[in-house]
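Next up, coords_14.tsv (TSV, C-alpha atoms):
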chain	number	residue	atom	x	y	z
T	1030	MET	CA	-21.32	-20.38	11.05
T	1031	LEU	CA	-22.04	-20.69	7.33
T	1032	PHE	CA	-19.03	-18.47	6.61
T	1033	ARG	CA	-16.79	-20.68	8.70
T	1034	SER	CA	-17.92	-23.99	7.25
T	1035	ARG	CA	-18.01	-23.07	3.57
T	1036	ALA	CA	-15.43	-20.37	2.93
T	1037	LEU	CA	-12.69	-21.80	5.13
T	1038	MET	CA	-13.22	-25.56	4.87
T	1039	ASN	CA	-10.36	-26.09	2.39
T	1040	SER	CA	-7.92	-23.78	4.23
T	1041	PRO	CA	-7.60	-21.16	1.48
T	1042	LYS	CA	-4.86	-18.54	1.56
T	1043	LEU	CA	-7.37	-15.85	0.52
T	1044	VAL	CA	-11.08	-15.45	1.27
T	1045	LEU	CA	-13.25	-13.06	-0.75
T	1046	VAL	CA	-16.24	-11.69	1.17
T	1047	ASP	CA	-18.95	-9.65	-0.57
T	1048	GLU	CA	-21.18	-7.39	1.55
T	1049	PRO	CA	-21.14	-9.47	4.75
T	1050	THR	CA	-23.19	-6.93	6.72
T	1051	SER	CA	-25.55	-5.61	4.04
T	1052	ALA	CA	-28.81	-6.81	5.62
T	1053	LEU	CA	-27.76	-6.68	9.27
T	1054	ASP	CA	-28.25	-4.18	12.06
T	1055	SER	CA	-25.17	-2.64	13.71
T	1056	LYS	CA	-24.92	-5.15	16.56
T	1057	LEU	CA	-25.22	-8.26	14.41
T	1058	GLY	CA	-22.97	-6.73	11.74
T	1059	ALA	CA	-20.24	-6.20	14.34
T	1060	GLN	CA	-20.61	-9.80	15.50
T	1061	VAL	CA	-20.27	-11.08	11.93
T	1062	MET	CA	-17.17	-8.97	11.37
T	1063	ASP	CA	-15.65	-10.17	14.65
T	1064	LEU	CA	-16.23	-13.75	13.48
T	1065	ILE	CA	-14.67	-13.14	10.06
T	1066	VAL	CA	-11.66	-11.27	11.43
T	1067	GLY	CA	-11.10	-13.82	14.19
T	1068	GLU	CA	-11.27	-16.79	11.85
T	1069	VAL	CA	-8.96	-15.38	9.19
T	1070	ARG	CA	-6.41	-14.30	11.78
T	1071	ASN	CA	-6.51	-17.63	13.61
T	1072	ARG	CA	-6.01	-19.49	10.34
T	1073	GLY	CA	-3.37	-17.17	8.88
T	1074	THR	CA	-5.65	-16.43	5.95
T	1075	ALA	CA	-6.06	-13.13	4.14
T	1076	ALA	CA	-9.50	-11.68	3.43
T	1077	VAL	CA	-10.67	-9.13	0.89
T	1078	ILE	CA	-14.00	-7.70	1.99
T	1079	VAL	CA	-16.08	-5.62	-0.40
T	1080	THR	CA	-18.71	-3.41	1.19
T	1081	HIS	CA	-20.65	-0.17	1.05
T	1082	ASP	CA	-20.90	-0.22	4.86
T	1083	ARG	CA	-18.27	2.19	6.19
T	1084	ARG	CA	-18.90	0.97	9.75
T	1085	ILE	CA	-16.89	-2.18	9.12
T	1086	THR	CA	-13.72	-0.42	7.96
T	1087	SER	CA	-12.64	-0.25	11.61
T	1088	HIS	CA	-12.11	-4.03	11.41
T	1089	ALA	CA	-9.68	-3.72	8.50
T	1090	ASP	CA	-5.90	-3.61	8.52
T	1091	ARG	CA	-6.03	-1.72	5.23
T	1092	THR	CA	-8.79	-0.07	3.21
T	1093	VAL	CA	-9.07	1.14	-0.36
T	1094	GLU	CA	-11.92	3.13	-1.83
T	1095	ILE	CA	-13.05	2.83	-5.41
T	1096	THR	CA	-15.11	5.70	-6.80
T	1097	ASP	CA	-16.47	5.61	-10.33
T	1098	GLY	CA	-14.27	2.63	-11.14
T	1099	ARG	CA	-11.04	4.26	-9.96
T	1100	LEU	CA	-9.03	4.14	-6.77
T	1101	ALA	CA	-9.79	7.31	-4.84
T	1102	ALA	CA	-6.81	9.54	-4.12
T	1103	GLY	CA	-5.36	8.92	-0.68
T	1104	ALA	CA	-7.60	5.88	-0.14
T	1105	VAL	CA	-4.90	3.51	1.06
T	1106	PRO	CA	-4.09	4.24	4.72
T	1107	ALA	CA	-1.44	2.07	6.34
Structure translated into structure tokens:
Amino acid sequence: MLFRSRALMNSPKLVLVDEPTSALDSKLGAQVMDLIVGEVRNRGTAAVIVTHDRRITSHADRTVEITDGRLAAGAVPA
């Protein structure tokens, strides 16, 4: 609930989330992502999530990949 209480307490239009699942196993990581996605959708807030964990891209409406400081070709699926 730390995410909910701190990041969303002032009703921001955009939430930046850095590596939310980096130290978590698959099950707990999925629960954290469900919480983040549910909260931002319920509040009408946008979220930018930065991660190395490809498992969480299934939670995204849109993904972009940056390789060597550049957007990777074809990395922006609808």
With 4 Å on each side, where is the centre of the axis-aligned box around all listed atoms of range 1049-1062 of chain T, and how long are its edges in Å to one decimal, as lines of an AutoDock Vina configuration file?
center_x = -23.0
center_y = -6.9
center_z = 10.3
size_x = 19.6
size_y = 16.4
size_z = 20.5
Exercise. Which neighbours of range 1045-1049 of chain T fall inside 9 Å, counting all atoms listed in the file, when residues of the same chain fewer than 3 positions from it are skipped, and could you give them as a PyMOL selection string?
Worked result: chain T and resi 1036+1052-1053+1058+1061-1062+1075-1082
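The space between CA of Gly1067 in chain T and CA of Leu1100 in chain T spans 27.7 Å.
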For this session: Name all residues at most 9 Å from Glu1068 in chain T (count all atoms listed in the file; drop same-chain ones fewer than 5 positions away) and give them as a ChimeraX atom specification.
Result: /T:1033,1037,1063,1073-1074
Given the selection you just returned, output its residues as a file containing C-alpha atoms, formatted as an mmCIF file, in the frame of the given file.
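What ended up in selection22.cif:
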data_model
loop_
_atom_site.group_PDB
_atom_site.id
_atom_site.type_symbol
_atom_site.label_atom_id
_atom_site.label_comp_id
_atom_site.auth_asym_id
_atom_site.auth_seq_id
_atom_site.Cartn_x
_atom_site.Cartn_y
_atom_site.Cartn_z
ATOM 1 C CA ARG T 1033 -16.790 -20.680 8.700
ATOM 2 C CA LEU T 1037 -12.690 -21.800 5.130
ATOM 3 C CA ASP T 1063 -15.650 -10.170 14.650
ATOM 4 C CA GLY T 1073 -3.370 -17.170 8.880
ATOM 5 C CA THR T 1074 -5.650 -16.430 5.950
#
Seminar exercise, completed: CA of Asp1054 in chain T sits from CA of Ile1085 in chain T at a separation of 11.9 Å
Once N, CA and C atoms are restored for range 1035-1064 of chain T, what would the output be as a short mmCIF file (atom, residue, chain, number, x, y, z; two decimals), in the coordinates of the input?
data_model
loop_
_atom_site.label_atom_id
_atom_site.label_comp_id
_atom_site.auth_asym_id
_atom_site.auth_seq_id
_atom_site.Cartn_x
_atom_site.Cartn_y
_atom_site.Cartn_z
N ARG T 1035 -18.15 -23.02 5.03
CA ARG T 1035 -18.01 -23.07 3.57
C ARG T 1035 -16.76 -22.37 3.05
N ALA T 1036 -16.52 -21.16 3.48
CA ALA T 1036 -15.43 -20.37 2.93
C ALA T 1036 -14.06 -20.85 3.39
N LEU T 1037 -13.99 -21.43 4.56
CA LEU T 1037 -12.69 -21.80 5.13
C LEU T 1037 -12.43 -23.30 5.18
N MET T 1038 -13.35 -24.11 4.69
CA MET T 1038 -13.22 -25.56 4.87
C MET T 1038 -12.02 -26.17 4.17
N ASN T 1039 -11.53 -25.55 3.11
CA ASN T 1039 -10.36 -26.09 2.39
C ASN T 1039 -9.08 -25.32 2.71
N SER T 1040 -9.08 -24.56 3.79
CA SER T 1040 -7.92 -23.78 4.23
C SER T 1040 -7.32 -22.92 3.11
N PRO T 1041 -8.13 -22.03 2.54
CA PRO T 1041 -7.60 -21.16 1.48
C PRO T 1041 -6.62 -20.13 2.03
N LYS T 1042 -5.77 -19.62 1.17
CA LYS T 1042 -4.86 -18.54 1.56
C LYS T 1042 -5.56 -17.19 1.50
N LEU T 1043 -6.63 -17.09 0.71
CA LEU T 1043 -7.37 -15.85 0.52
C LEU T 1043 -8.86 -16.15 0.51
N VAL T 1044 -9.63 -15.34 1.25
CA VAL T 1044 -11.08 -15.45 1.27
C VAL T 1044 -11.65 -14.14 0.73
N LEU T 1045 -12.57 -14.23 -0.22
CA LEU T 1045 -13.25 -13.06 -0.75
C LEU T 1045 -14.64 -12.99 -0.12
N VAL T 1046 -14.97 -11.84 0.46
CA VAL T 1046 -16.24 -11.69 1.17
C VAL T 1046 -16.96 -10.48 0.58
N ASP T 1047 -18.18 -10.71 0.08
CA ASP T 1047 -18.95 -9.65 -0.57
C ASP T 1047 -20.12 -9.23 0.32
N GLU T 1048 -20.10 -7.99 0.77
CA GLU T 1048 -21.18 -7.39 1.55
C GLU T 1048 -21.64 -8.25 2.73
N PRO T 1049 -20.75 -8.57 3.65
CA PRO T 1049 -21.14 -9.47 4.75
C PRO T 1049 -22.14 -8.88 5.73
N THR T 1050 -22.29 -7.56 5.74
CA THR T 1050 -23.19 -6.93 6.72
C THR T 1050 -24.35 -6.19 6.07
N SER T 1051 -24.59 -6.43 4.79
CA SER T 1051 -25.55 -5.61 4.04
C SER T 1051 -26.97 -5.63 4.59
N ALA T 1052 -27.42 -6.74 5.14
CA ALA T 1052 -28.81 -6.81 5.62
C ALA T 1052 -28.88 -6.93 7.15
N LEU T 1053 -27.83 -6.49 7.82
CA LEU T 1053 -27.76 -6.68 9.27
C LEU T 1053 -27.80 -5.35 10.01
N ASP T 1054 -28.31 -5.38 11.23
CA ASP T 1054 -28.25 -4.18 12.06
C ASP T 1054 -26.82 -4.03 12.60
N SER T 1055 -26.54 -2.94 13.25
CA SER T 1055 -25.17 -2.64 13.71
C SER T 1055 -24.60 -3.71 14.63
N LYS T 1056 -25.40 -4.17 15.59
CA LYS T 1056 -24.92 -5.15 16.56
C LYS T 1056 -24.58 -6.48 15.90
N LEU T 1057 -25.47 -6.99 15.08
CA LEU T 1057 -25.22 -8.26 14.41
C LEU T 1057 -24.11 -8.12 13.38
N GLY T 1058 -24.05 -6.98 12.70
CA GLY T 1058 -22.97 -6.73 11.74
C GLY T 1058 -21.61 -6.77 12.41
N ALA T 1059 -21.51 -6.17 13.59
CA ALA T 1059 -20.24 -6.20 14.34
C ALA T 1059 -19.88 -7.62 14.75
N GLN T 1060 -20.87 -8.41 15.14
CA GLN T 1060 -20.61 -9.80 15.50
C GLN T 1060 -20.11 -10.61 14.30
N VAL T 1061 -20.70 -10.38 13.14
CA VAL T 1061 -20.27 -11.08 11.93
C VAL T 1061 -18.84 -10.69 11.58
N MET T 1062 -18.53 -9.41 11.69
CA MET T 1062 -17.17 -8.97 11.37
C MET T 1062 -16.17 -9.52 12.38
N ASP T 1063 -16.53 -9.57 13.64
CA ASP T 1063 -15.65 -10.17 14.65
C ASP T 1063 -15.37 -11.63 14.32
N LEU T 1064 -16.39 -12.35 13.87
CA LEU T 1064 -16.23 -13.75 13.48
C LEU T 1064 -15.29 -13.87 12.29
#
